[in-house]
Each structure stands twice: as structure tokens, then as C-alpha cells.
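**Student:** Structure: work19.cif, mmCIF, C-alpha atoms and all ligand atoms.
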```cif
data_my_file
#
loop_
_atom_site.label_atom_id
_atom_site.label_comp_id
_atom_site.auth_asym_id
_atom_site.auth_seq_id
_atom_site.Cartn_x
_atom_site.Cartn_y
_atom_site.Cartn_z
CA MET A 1 49.47 81.16 -46.97
CA GLU A 2 50.69 78.42 -49.26
CA ILE A 3 52.03 75.38 -47.43
CA HIS A 4 55.00 73.59 -48.94
CA HIS A 5 56.25 70.09 -48.43
CA ILE A 6 59.60 70.16 -46.65
CA PRO A 7 61.92 67.54 -48.14
CA VAL A 8 63.12 65.09 -45.48
CA LEU A 9 66.74 64.06 -44.91
CA PHE A 10 67.68 66.63 -47.54
CA ASP A 11 71.38 67.08 -46.68
CA GLU A 12 71.80 63.33 -46.25
CA VAL A 13 70.36 62.64 -49.71
CA LEU A 14 72.71 65.19 -51.29
CA ARG A 15 75.66 63.67 -49.46
CA PHE A 16 74.97 60.23 -50.96
CA ALA A 17 74.33 61.53 -54.49
CA GLU A 18 77.79 61.64 -55.98
CA LEU A 19 77.04 63.73 -59.06
CA GLN A 20 79.93 66.23 -58.92
CA GLU A 21 81.09 65.04 -62.33
CA GLY A 22 77.57 65.29 -63.77
CA GLY A 23 75.50 62.32 -64.89
CA VAL A 24 71.82 61.48 -64.83
CA ALA A 25 69.68 61.21 -61.70
CA VAL A 26 66.12 59.91 -61.51
CA ASP A 27 63.84 61.46 -58.92
CA ALA A 28 61.27 58.67 -58.97
CA THR A 29 58.91 60.49 -56.59
CA THR A 30 59.39 64.15 -57.46
CA GLY A 31 56.44 65.56 -55.51
CA GLU A 32 56.83 69.33 -55.28
CA GLY A 33 60.44 68.97 -56.37
CA GLY A 34 62.25 69.77 -53.12
CA HIS A 35 64.90 67.05 -53.48
CA SER A 36 65.10 67.62 -57.24
CA GLU A 37 65.80 71.30 -56.76
CA GLY A 38 68.52 70.45 -54.24
CA LEU A 39 70.18 68.05 -56.70
CA LEU A 40 70.04 70.55 -59.57
CA ARG A 41 71.43 73.37 -57.45
CA HIS A 42 74.10 71.33 -55.69
CA PHE A 43 75.31 69.49 -58.81
CA PRO A 44 75.34 72.04 -61.68
CA ARG A 45 76.31 69.40 -64.24
CA CYS A 46 73.72 66.74 -63.44
CA ARG A 47 70.56 66.14 -65.49
CA LEU A 48 67.31 64.85 -64.03
CA VAL A 49 64.42 62.63 -64.99
CA CYS A 50 61.48 63.48 -62.73
CA PHE A 51 58.69 60.94 -62.27
CA ASP A 52 55.43 61.29 -60.38
CA ALA A 53 52.19 59.34 -60.57
CA ASP A 54 50.23 62.46 -59.68
CA GLU A 55 49.82 65.03 -62.45
CA GLY A 56 48.54 67.71 -60.05
CA ILE A 57 51.66 67.78 -57.91
CA GLN A 58 53.89 67.37 -60.94
CA GLN A 59 52.52 70.63 -62.25
CA LYS A 60 53.85 72.33 -59.11
CA ALA A 61 57.27 70.78 -59.61
CA ARG A 62 57.31 71.95 -63.24
CA GLN A 63 56.74 75.53 -62.09
CA ARG A 64 59.28 75.29 -59.30
CA LEU A 65 61.99 73.86 -61.55
CA ALA A 66 61.24 76.03 -64.62
CA GLY A 67 64.62 77.73 -64.28
CA TYR A 68 66.36 74.39 -64.86
CA ALA A 69 64.33 73.39 -67.94
CA ASP A 70 67.43 72.44 -69.97
CA ARG A 71 68.44 69.86 -67.36
CA VAL A 72 65.07 68.33 -66.37
CA GLN A 73 62.66 65.98 -68.11
CA PHE A 74 59.27 65.40 -66.48
CA VAL A 75 57.43 62.12 -66.95
CA HIS A 76 53.96 61.42 -65.60
CA THR A 77 54.27 57.78 -64.60
CA TRP A 78 54.24 55.27 -61.77
CA PHE A 79 57.87 54.60 -60.90
CA ASP A 80 57.66 50.86 -61.51
CA GLU A 81 56.49 51.64 -65.06
CA GLY A 82 58.96 54.47 -65.76
CA LEU A 83 62.14 52.98 -64.32
CA PRO A 84 62.76 50.32 -66.98
CA ARG A 85 62.85 53.19 -69.51
CA ALA A 86 64.99 55.54 -67.38
CA GLU A 87 67.83 55.56 -69.93
CA GLU A 88 65.56 56.88 -72.70
CA TRP A 89 65.32 60.53 -71.72
CA TRP A 90 69.02 61.42 -71.63
CA GLN A 91 70.34 58.38 -73.51
CA GLU A 92 72.38 57.49 -70.45
CA LYS A 93 72.13 55.11 -67.50
CA PRO A 94 71.31 56.92 -64.25
CA ARG A 95 74.02 57.27 -61.60
CA PHE A 96 71.56 58.12 -58.85
CA ILE A 97 67.95 57.10 -58.23
CA LEU A 98 65.90 58.54 -55.38
CA MET A 99 62.59 57.23 -54.06
CA ASP A 100 61.00 59.34 -51.31
CA LEU A 101 57.96 57.17 -50.67
CA GLY A 102 54.39 57.99 -49.70
CA ILE A 103 52.56 61.23 -50.23
CA SER A 104 53.16 64.91 -49.78
CA ILE A 105 51.53 67.68 -47.76
CA PHE A 106 49.88 68.68 -51.08
CA HIS A 107 47.80 65.51 -50.96
CA TYR A 108 46.49 66.28 -47.49
CA VAL A 109 45.73 69.97 -47.96
CA GLU A 110 45.18 70.64 -51.66
CA SER A 111 44.40 67.53 -53.68
CA GLY A 112 40.73 67.28 -52.64
CA ARG A 113 40.95 63.48 -52.72
CA GLY A 114 40.19 62.58 -49.11
CA PHE A 115 43.68 61.72 -47.81
CA SER A 116 43.04 63.72 -44.65
CA PHE A 117 40.48 62.33 -42.23
CA GLN A 118 39.38 65.80 -41.15
CA SER A 119 38.10 66.66 -44.61
CA GLU A 120 34.63 66.44 -46.12
CA GLU A 121 36.31 65.52 -49.42
CA PRO A 122 35.25 62.47 -51.43
CA LEU A 123 36.96 59.31 -50.26
CA ASP A 124 39.14 58.82 -53.33
CA MET A 125 42.86 58.48 -52.39
CA ARG A 126 44.07 57.74 -55.92
CA LEU A 127 47.40 59.30 -56.82
CA SER A 128 46.81 58.80 -60.52
CA LEU A 129 43.28 59.66 -61.56
CA GLY A 130 43.38 57.32 -64.54
CA ASP A 131 43.25 54.37 -62.17
CA SER A 132 39.81 52.99 -61.50
CA ILE A 133 39.37 51.83 -57.90
CA THR A 134 38.88 54.46 -55.17
CA ALA A 135 38.95 54.18 -51.39
CA ALA A 136 35.15 54.63 -51.43
CA ASP A 137 34.86 51.59 -53.74
CA VAL A 138 36.89 49.54 -51.25
CA VAL A 139 34.92 50.50 -48.13
CA ASN A 140 31.54 50.23 -49.84
CA THR A 141 32.01 46.94 -51.68
CA TRP A 142 34.61 44.70 -50.06
CA LYS A 143 33.49 41.84 -47.83
CA GLU A 144 33.87 42.46 -44.10
CA LYS A 145 36.63 39.85 -43.75
CA ASP A 146 38.61 41.26 -46.67
CA LEU A 147 38.31 44.76 -45.23
CA ALA A 148 39.52 43.58 -41.83
CA ASP A 149 42.44 41.74 -43.42
CA LEU A 150 43.36 44.85 -45.40
CA LEU A 151 43.38 47.09 -42.30
CA TRP A 152 45.46 44.53 -40.44
CA LYS A 153 47.93 43.82 -43.24
CA PHE A 154 48.54 47.33 -44.61
CA GLY A 155 47.70 49.40 -41.51
CA GLU A 156 48.90 47.00 -38.79
CA GLU A 157 45.59 48.01 -37.15
CA SER A 158 44.95 45.80 -34.13
CA LEU A 159 41.26 46.82 -34.04
CA SER A 160 40.77 45.84 -37.69
CA ARG A 161 37.84 43.46 -37.13
CA ARG A 162 35.91 45.94 -35.04
CA ILE A 163 36.46 48.72 -37.55
CA ALA A 164 35.50 46.52 -40.52
CA ARG A 165 32.29 45.51 -38.72
CA ALA A 166 31.38 49.17 -38.13
CA ILE A 167 32.06 50.07 -41.77
CA VAL A 168 29.84 47.26 -43.04
CA SER A 169 27.00 48.04 -40.65
CA THR A 170 27.06 51.74 -41.64
CA ARG A 171 27.06 51.08 -45.36
CA LEU A 172 23.93 48.96 -45.03
CA LYS A 173 22.20 52.24 -44.15
CA GLU A 174 24.08 54.72 -46.35
CA ARG A 175 26.99 54.77 -48.79
CA ILE A 176 30.25 56.00 -47.23
CA GLU A 177 31.26 58.94 -49.41
CA SER A 178 33.59 61.29 -47.55
CA ALA A 179 36.85 61.00 -45.64
CA LYS A 180 35.35 62.62 -42.55
CA GLN A 181 32.40 60.23 -42.62
CA LEU A 182 34.78 57.25 -42.56
CA ALA A 183 36.96 58.81 -39.86
CA ASP A 184 33.85 59.36 -37.70
CA ILE A 185 32.75 55.73 -38.16
CA ILE A 186 36.19 54.56 -37.02
CA TRP A 187 36.17 56.99 -34.09
CA GLU A 188 32.84 55.56 -32.90
CA ALA A 189 34.02 51.96 -33.45
CA VAL A 190 37.12 52.04 -31.26
CA PRO A 191 37.04 51.92 -27.44
CA PRO A 192 36.90 55.42 -25.86
CA ALA A 193 40.36 54.95 -24.34
CA VAL A 194 41.87 54.72 -27.83
CA ARG A 195 40.24 57.92 -29.09
CA HIS A 196 42.57 60.41 -27.50
CA GLY A 197 45.96 58.81 -28.08
CA ARG A 198 48.94 60.28 -29.95
CA LEU A 199 47.42 59.24 -33.30
CA HIS A 200 43.86 59.76 -34.51
CA PRO A 201 42.17 56.30 -34.40
CA ALA A 202 41.63 56.44 -38.18
CA THR A 203 45.32 56.96 -39.04
CA LYS A 204 46.21 53.32 -39.62
CA SER A 205 43.03 52.53 -41.55
CA PHE A 206 43.61 55.52 -43.85
CA GLN A 207 47.18 54.35 -44.44
CA ALA A 208 45.91 50.86 -45.30
CA LEU A 209 43.35 52.17 -47.79
CA ARG A 210 45.88 54.44 -49.48
CA ILE A 211 48.35 51.58 -49.84
CA ALA A 212 45.69 49.31 -51.31
CA VAL A 213 44.20 51.85 -53.72
CA ASN A 214 47.62 52.75 -55.15
CA HIS A 215 49.17 49.26 -54.93
CA GLU A 216 52.03 50.93 -53.09
CA LEU A 217 53.83 47.88 -51.76
CA GLU A 218 53.64 45.82 -54.97
CA ARG A 219 54.87 48.83 -56.93
CA LEU A 220 57.75 49.37 -54.51
CA GLU A 221 58.84 45.74 -54.61
CA SER A 222 58.80 45.65 -58.38
CA ALA A 223 60.40 49.12 -58.78
CA LEU A 224 63.41 48.29 -56.61
CA GLY A 225 64.54 45.51 -58.93
CA LYS A 226 63.95 47.66 -61.99
CA ALA A 227 65.86 50.58 -60.45
CA PHE A 228 68.78 48.34 -59.62
CA HIS A 229 68.81 46.90 -63.11
CA VAL A 230 68.82 50.27 -64.90
CA LEU A 231 71.40 51.90 -62.59
CA ALA A 232 74.94 52.40 -63.98
CA PRO A 233 77.57 50.28 -62.20
CA GLY A 234 78.92 52.45 -59.37
CA GLY A 235 75.57 54.27 -59.26
CA ARG A 236 73.46 54.59 -56.12
CA LEU A 237 69.88 53.87 -55.19
CA ALA A 238 68.50 55.81 -52.20
CA VAL A 239 65.10 55.05 -50.68
CA ILE A 240 63.31 56.99 -47.94
CA SER A 241 60.52 54.98 -46.32
CA PHE A 242 57.97 56.06 -43.71
CA HIS A 243 56.62 52.87 -42.19
CA SER A 244 57.81 49.41 -41.34
CA LEU A 245 56.04 47.68 -44.26
CA GLU A 246 57.97 49.78 -46.77
CA ASP A 247 61.23 49.62 -44.88
CA ARG A 248 61.07 45.82 -44.66
CA ILE A 249 60.79 45.54 -48.45
CA VAL A 250 63.74 47.90 -48.99
CA LYS A 251 65.90 46.25 -46.33
CA THR A 252 65.26 42.76 -47.71
CA ALA A 253 66.12 43.74 -51.29
CA PHE A 254 69.27 45.61 -50.28
CA ARG A 255 70.50 42.75 -48.06
CA GLU A 256 70.01 40.30 -50.90
CA TRP A 257 72.03 42.40 -53.36
CA ALA A 258 74.79 43.08 -50.83
CA LYS A 259 75.10 39.40 -49.90
CA GLU A 260 78.35 37.86 -51.04
CA CYS A 261 78.07 34.20 -50.20
CA ILE A 262 74.82 32.45 -51.05
CA CYS A 263 75.74 29.04 -49.53
CA PRO A 264 73.22 27.58 -47.05
CA PRO A 265 73.92 29.04 -43.56
CA GLU A 266 74.60 25.57 -42.09
CA GLN A 267 77.48 25.01 -44.52
CA PRO A 268 80.82 25.57 -42.65
CA LYS A 269 82.82 26.79 -45.67
CA CYS A 270 81.81 28.89 -48.67
CA THR A 271 81.78 26.98 -51.91
CA CYS A 272 79.61 29.30 -54.02
CA SER A 273 82.37 31.83 -54.80
CA ARG A 274 79.78 34.48 -55.62
CA LEU A 275 80.35 38.23 -55.66
CA ALA A 276 78.00 40.73 -54.10
CA LEU A 277 75.95 42.79 -56.55
CA ALA A 278 75.96 45.88 -54.36
CA LYS A 279 77.56 47.58 -51.40
CA ASP A 280 75.16 48.52 -48.62
CA LEU A 281 76.12 52.09 -47.66
CA THR A 282 73.69 52.26 -44.74
CA ARG A 283 73.64 49.00 -42.81
CA LYS A 284 71.60 50.94 -40.26
CA PRO A 285 69.11 53.35 -41.86
CA VAL A 286 69.84 57.06 -41.65
CA VAL A 287 67.20 58.87 -39.58
CA ALA A 288 66.42 62.53 -38.96
CA THR A 289 68.49 64.49 -36.46
CA GLU A 290 66.72 65.84 -33.42
CA GLN A 291 66.80 69.26 -34.99
CA GLU A 292 65.07 68.06 -38.16
CA SER A 293 62.50 66.03 -36.18
CA LEU A 294 61.53 69.13 -34.26
CA ALA A 295 61.41 71.38 -37.31
CA ASN A 296 59.54 68.91 -39.54
CA PRO A 297 57.57 66.27 -37.57
CA PRO A 298 56.88 63.95 -40.58
CA SER A 299 60.66 63.37 -40.76
CA ARG A 300 60.47 61.48 -37.45
CA SER A 301 59.39 58.29 -39.17
CA ALA A 302 61.69 58.62 -42.19
CA LYS A 303 64.39 56.01 -42.81
CA LEU A 304 66.94 56.41 -45.58
CA ARG A 305 68.74 53.37 -47.00
CA VAL A 306 71.30 53.59 -49.79
CA ILE A 307 73.16 50.98 -51.83
CA GLU A 308 75.83 51.28 -54.45
CA LYS A 309 75.58 48.99 -57.44
CA LEU A 310 78.78 47.05 -58.06
CA ARG A 311 77.82 44.80 -60.94
CA ASP A 312 74.87 43.36 -62.88
CA THR A 313 75.48 39.67 -62.29
CA ARG A 314 77.07 37.56 -59.61
CA GLU A 315 79.89 36.38 -61.87
CA GLU A 316 82.20 33.93 -60.12
CA LYS A 317 85.36 34.99 -58.33
CA LEU A 318 88.53 33.87 -60.12
C1 LIG B 401 56.92 62.20 -50.20
S1 LIG B 401 56.43 62.85 -51.74
C2 LIG B 401 57.96 63.37 -52.45
C3 LIG B 401 58.41 64.70 -52.00
C4 LIG B 401 59.63 65.23 -52.75
N1 LIG B 401 60.79 64.42 -52.51
C5 LIG B 401 59.90 66.68 -52.43
O1 LIG B 401 60.99 66.97 -51.95
O2 LIG B 401 59.04 67.54 -52.68
C6 LIG B 401 56.13 61.41 -52.68
C7 LIG B 401 55.65 61.68 -54.09
O3 LIG B 401 55.72 60.44 -54.79
C8 LIG B 401 54.58 60.23 -55.55
N2 LIG B 401 54.42 58.78 -55.62
C9 LIG B 401 54.08 57.92 -54.64
N3 LIG B 401 54.13 56.66 -55.08
C10 LIG B 401 54.55 56.71 -56.38
C11 LIG B 401 54.81 55.72 -57.37
N4 LIG B 401 54.66 54.41 -57.12
N5 LIG B 401 55.22 56.14 -58.59
C12 LIG B 401 55.39 57.47 -58.85
N6 LIG B 401 55.15 58.44 -57.96
C13 LIG B 401 54.73 58.07 -56.72
C14 LIG B 401 53.46 60.96 -54.82
O4 LIG B 401 52.47 61.39 -55.74
C15 LIG B 401 54.22 62.12 -54.18
O5 LIG B 401 54.14 63.26 -55.01
#
```
Show the structure stored in the file as C-alpha cells.
Ligand SMILES: C[S@@+](CC[C@H](N)C(=O)[O-])C[C@H]1O[C@@H](n2cnc3c(N)ncnc32)[C@H](O)[C@@H]1O

**Tutor:**
Amino acid sequence: MEIHHIPVLFDEVLRFAELQEGGVAVDATTGEGGHSEGLLRHFPRCRLVCFDADEGIQQKARQRLAGYADRVQFVHTWFDEGLPRAEEWWQEKPRFILMDLGISIFHYVESGRGFSFQSEEPLDMRLSLGDSITAADVVNTWKEKDLADLLWKFGEESLSRRIARAIVSTRLKERIESAKQLADIIWEAVPPAVRHGRLHPATKSFQALRIAVNHELERLESALGKAFHVLAPGGRLAVISFHSLEDRIVKTAFREWAKECICPPEQPKCTCSRLALAKDLTRKPVVATEQESLANPPSRSAKLRVIEKLRDTREEKL
């Protein structure tokens, strides 16, 4: 049986994408094309630019969306590299940009690149195979302190030092090649009480490695500004994040754009007369309903934030 990725917060995304009159949308993380298909079906006049860093999964989206070929352009690219050129494909500024961050079920079950800690697959974790550094390179070559810092910073792993020590002592004996091998090292490294919790003890370390190998947080930070810049005034940027590190970056950028006054907080009266660049449409992030959380467990950690672009510059109020 083929397993498909179920798009999260699907109805909510469609509700925020005001494309009834047509216009261009960018699906910056197309994956298997679940959200893209929804947009194409729901808005018969919209046209799409579909990005993905992973050629393998993009092939699946191409097949799935073949019936909409006259309204879709596929581009194999990282979103931070594609977004500045988003106007090129339809000669029009996008009115909607979607980023559904992270990876898809495809990566865990089909990619063969070691995203799942139960697999004997090579410890690779690259989304784009053109990129050089793999997760195996990181665990086999980084200094113990750098490894521990990585697990702490990108995995929020409180046992980072212990795990880094175990990785380094194993690799003195043999190179760490497979995902399962690494997961077993982590399992052995953590106290027995931690082994049978809600999450597998390797979950956070795997997240940290994936983020590092694909430069996920740097790419997100840089892509948000580029998305905002290329968006048509009145257009919307919607981002679905899955962990607090991503959400913090999105929240901070959106707050900054939606801020009207930029006077120092201790100043009693506003003298800057600045206009907000955007309207924050989700001051609190939209999360999955109980029904969706039960039907699709990965949706439990999803947070959707949306802003509407008002203008390009903070020109002064009259
Ligand atoms: C959660 S999945 C998207 C699922 C999709 N919305 C659907 O409904 O099928 C995220 C996708 O984004 C891609 N991706 C992750 N980071 C990316 C980046 N910085 N640039 C481009 N694609 C990226 C991954 O390869 C993956 O296919």
C-alpha cells in the first residue's frame, strides 16, 4: 500500500488564500502536492509556481498535478533561492505564498536517506542531493563539543553532552554509517528511564542533524524576507511550522512587519509616524482541530501564521 502525506491545516490554508479572482500562488514547499492540488481545485483561475529542494518528491507532485499542467510550473530549488525570482514564471507578482516547513512522510518511508531512526539506510538526510555535507559527515567528523552544541541548539536536547560523548567514543572504533546505528548509540547513551517515553530518545538528535545538514533555519530566516519582498501588496504569506525554533523565526519576522510605531518603548508618545508593512492575520497561530489531530498525528505540532502585505516601505503618515 502506498502511503501518502496528508496535508496539514488544509482547510485553513485554503481559507486564507484569497485567489477567487485568480492570480499567482507560490507553493514554496510543494512536497507531494497536497496543498497545491487543493489550491488548484478550489481556485480554478489561479496559477502556481511549485518549489521543492527534493527532486524525488517533486517527481511525485508532477505526476499528481499532471491534469493541471497549464496552470503549474515546477522549479527544483531551495525556497530561499527561488523566491527572489518568483515573478519570472508567470510574469506576475504572487498573491499567495505558502511554506509548509520540514519534511514529508515520503522522506521517512521512501527516500532511503536515513531520516527515520528505525531504518538501516545510510545516514544522509540531505533534501537536495547536490549538496555536499551529509549527516554521517557531521557525526563522524565534528568535534565532540560542536556536536553537543548542535544537538542542544537545533534539537533542544537536554542530554546533548552525553549523546555527543557516546557518538565520539563509538566512532573511534567504527564509522557511523546508518540511521539505525546512530539511533542505537543514542538509545544506549541515555538513562534507561528516558528510553520508553512518548518520543524515541533519538528524535531530537535526528531533528538537529536534519536542520544542520539542510541549513533549515538560515534558509527560513532568509526566505521570509524574500517572500515578503516579492509578494504583491495585499498578498498573503502563510507559514506552517512544526517546532518552536521555526515558529520563533516566523513570529519574530511577522511581528516586525506588523509593527506600526518603531519608537523606543520607554518613549511616552509616538514620534516616528511610521506605517506598518503588514497586517498580522493570526496574532495567535492557527492549530489543528481535535478531529485533525486524531486523524493525522503530525498535525498536532503544526502552527499556521499568516500575514497580509500592506506596503513595501514604511513611508511616513501624512
Ligand atoms: C511538509 S512537506 C510539504 C507537504 C505539502 N504541503 C503537501 O501537501 O504534500 C515539506 C516539503 O518541503 C521541502 N523543503 C523543505 N525545506 C525546503 C526549502 N528550504 N526549500 C525548498 N523545499 C524545501 C521538503 O523537501 C518537503 O518536500

**Student:** Looking at A:Val138, A:Ala276, A:Ala69, A:Ala302, which one is nearest to ligand LIG 401 (chain B), with distances taken over only C-alpha atoms and all ligand atoms?

**Tutor:**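 Smallest separation from ligand LIG 401 (chain B) among the options: A:Ala302.
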
**Student:** Identify, counting only C-alpha atoms and all ligand atoms, the protein, DNA and RNA residues located within 7 Å of ligand LIG 401 (chain B), and give them as a VMD selection string.

**Tutor:** chain A and resid 5 to 7 28 to 36 51 to 54 57 77 to 80 100 to 104 127 216 219 to 220

**Student:** Give me, as a PyMOL selection string, all polymer residues having an atom no more than 7 Å from Arg47 in chain A, counting all atoms listed in the file and skipping those fewer than 4 positions away in the same chain.

**Tutor:** chain A and resi 23-25+71-72

**Student:** Ranking A:Asp27, A:Asp124, A:Glu18, A:Glu246 by minimum distance to Phe43 in chain A and counting all atoms listed in the file, which one comes first?

**Tutor:**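 Using all atoms listed in the file, the shortest distance to Phe43 in chain A belongs to A:Glu18.
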
**Student:** With only C-alpha atoms as the basis for distance, which of A:Asn140, A:Ser241, A:Thr282, A:Ser205 is at the shortest distance from Arg175 in chain A?

**Tutor:**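 Smallest distance to Arg175 in chain A is found for A:Asn140.
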
**Student:** Using only C-alpha atoms, can you tell me which of A:Thr134, A:Asn296, A:Gln118, A:Gln207 comes closest to Trp152 in chain A?

**Tutor:**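 Of A:Thr134, A:Asn296, A:Gln118, A:Gln207, the one nearest Trp152 in chain A, counting only C-alpha atoms, is A:Gln207.
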
**Student:** CA of Thr289 in chain A to CA of Phe154 in chain A: how many Å, to one decimal?

**Tutor:** 27.5 Å

**Student:** At a cut-off of 10 Å, using only C-alpha atoms, what residues contact Ala232 in chain A? Leave out same-chain residues fewer than 6 positions from it and give the result as a list in words.

**Tutor:** Gly23, Val24, Glu87, Glu92, Lys93, Pro94, Arg95, Phe96, Glu308, Lys309, Leu310, Arg311 and Asp312 of chain A

**Student:** With a cut-off of 7 Å, could you pull out the residues of range 62-172 of chain A touching range 183-204 of chain A and give me the nearest pair of atoms for each, distance in Å to one decimal, using only C-alpha atoms, ordered by chain and ascending number, as JSON lines?

**Tutor:**
```
{"residue": "A:Phe117", "atom": "CA", "partner": "A:Ala183", "partner_atom": "CA", "distance": 5.5}
{"residue": "A:Gly155", "atom": "CA", "partner": "A:Lys204", "partner_atom": "CA", "distance": 4.6}
{"residue": "A:Glu156", "atom": "CA", "partner": "A:Lys204", "partner_atom": "CA", "distance": 6.9}
{"residue": "A:Glu157", "atom": "CA", "partner": "A:Lys204", "partner_atom": "CA", "distance": 5.9}
{"residue": "A:Arg162", "atom": "CA", "partner": "A:Ala189", "partner_atom": "CA", "distance": 6.5}
{"residue": "A:Ile163", "atom": "CA", "partner": "A:Ala189", "partner_atom": "CA", "distance": 5.8}
{"residue": "A:Ala166", "atom": "CA", "partner": "A:Ala189", "partner_atom": "CA", "distance": 6.1}
{"residue": "A:Ile167", "atom": "CA", "partner": "A:Ile185", "partner_atom": "CA", "distance": 6.7}
```

**Student:** Mind dumping the selected residues with C-alpha atoms as a PDB file, in the frame of the given file?

**Tutor:**
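Done, and the output landed in result_34.pdb:
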```
ATOM      1  CA  PHE A 117      40.480  62.330 -42.230  1.00  0.00           C
ATOM      2  CA  GLY A 155      47.700  49.400 -41.510  1.00  0.00           C
ATOM      3  CA  GLU A 156      48.900  47.000 -38.790  1.00  0.00           C
ATOM      4  CA  GLU A 157      45.590  48.010 -37.150  1.00  0.00           C
ATOM      5  CA  ARG A 162      35.910  45.940 -35.040  1.00  0.00           C
ATOM      6  CA  ILE A 163      36.460  48.720 -37.550  1.00  0.00           C
ATOM      7  CA  ALA A 166      31.380  49.170 -38.130  1.00  0.00           C
ATOM      8  CA  ILE A 167      32.060  50.070 -41.770  1.00  0.00           C
TER       9      ILE A 167
END
```

**Student:** What lies within 12 Å of Cys263 in chain A using all atoms listed in the file, ignoring chain neighbours under 4 positions off, as JSON, numbers by chain?

**Tutor:** {"A": [259, 267, 268, 269, 270, 271, 272, 273, 274, 275]}

**Student:** Once you've located range 40-106 of chain A in the structure I gave, write it as a CSV table (one decimal), in the first residue's frame, keeping C-alpha atoms.

**Tutor:**
```
chain,number,residue,atom,x,y,z
A,40,LEU,CA,-5.7,24.5,-8.0
A,41,ARG,CA,-9.0,22.7,-7.4
A,42,HIS,CA,-10.5,25.4,-5.1
A,43,PHE,CA,-9.4,28.4,-7.2
A,44,PRO,CA,-9.9,27.4,-10.9
A,45,ARG,CA,-8.3,30.7,-12.1
A,46,CYS,CA,-5.1,30.7,-10.0
A,47,ARG,CA,-1.7,29.7,-11.4
A,48,LEU,CA,1.0,28.1,-9.3
A,49,VAL,CA,4.8,28.1,-9.0
A,50,CYS,CA,5.8,24.9,-7.2
A,51,PHE,CA,9.2,24.8,-5.5
A,52,ASP,CA,10.9,21.9,-3.7
A,53,ALA,CA,14.5,21.2,-2.8
A,54,ASP,CA,14.0,17.5,-3.3
A,55,GLU,CA,13.8,16.2,-6.9
A,56,GLY,CA,12.5,12.8,-5.8
A,57,ILE,CA,9.3,14.1,-4.1
A,58,GLN,CA,8.9,16.7,-6.8
A,59,GLN,CA,8.5,13.9,-9.3
A,60,LYS,CA,5.5,12.7,-7.3
A,61,ALA,CA,3.9,16.1,-7.3
A,62,ARG,CA,4.4,16.4,-11.1
A,63,GLN,CA,2.5,13.2,-11.6
A,64,ARG,CA,-0.2,14.1,-9.1
A,65,LEU,CA,-0.8,17.5,-10.7
A,66,ALA,CA,-0.4,16.4,-14.4
A,67,GLY,CA,-4.0,17.3,-15.0
A,68,TYR,CA,-3.3,21.0,-14.2
A,69,ALA,CA,-0.2,21.3,-16.4
A,70,ASP,CA,-1.4,24.5,-18.0
A,71,ARG,CA,-1.6,26.2,-14.6
A,72,VAL,CA,1.5,24.9,-12.8
A,73,GLN,CA,5.3,25.5,-13.2
A,74,PHE,CA,7.6,23.2,-11.3
A,75,VAL,CA,11.0,24.5,-10.1
A,76,HIS,CA,13.6,22.4,-8.4
A,77,THR,CA,15.1,24.9,-5.9
A,78,TRP,CA,15.6,25.8,-2.3
A,79,PHE,CA,12.9,28.3,-1.4
A,80,ASP,CA,15.3,31.0,-0.4
A,81,GLU,CA,17.0,30.7,-3.8
A,82,GLY,CA,13.7,30.6,-5.8
A,83,LEU,CA,11.7,33.2,-4.1
A,84,PRO,CA,13.5,36.3,-5.3
A,85,ARG,CA,12.7,35.1,-8.9
A,86,ALA,CA,9.1,34.1,-8.1
A,87,GLU,CA,7.7,36.7,-10.6
A,88,GLU,CA,9.6,35.1,-13.5
A,89,TRP,CA,7.4,32.1,-14.2
A,90,TRP,CA,4.1,33.8,-14.8
A,91,GLN,CA,5.4,37.4,-15.2
A,92,GLU,CA,3.3,38.4,-12.2
A,93,LYS,CA,3.9,39.1,-8.5
A,94,PRO,CA,2.4,36.3,-6.3
A,95,ARG,CA,-0.7,37.0,-4.3
A,96,PHE,CA,-0.2,34.0,-2.0
A,97,ILE,CA,2.9,32.2,-0.8
A,98,LEU,CA,2.8,29.0,1.3
A,99,MET,CA,5.6,27.4,3.2
A,100,ASP,CA,4.8,24.1,4.9
A,101,LEU,CA,8.1,23.5,6.6
A,102,GLY,CA,10.0,20.3,7.3
A,103,ILE,CA,9.8,17.0,5.6
A,104,SER,CA,7.1,14.7,4.3
A,105,ILE,CA,6.2,11.1,5.0
A,106,PHE,CA,8.0,10.3,1.7
```
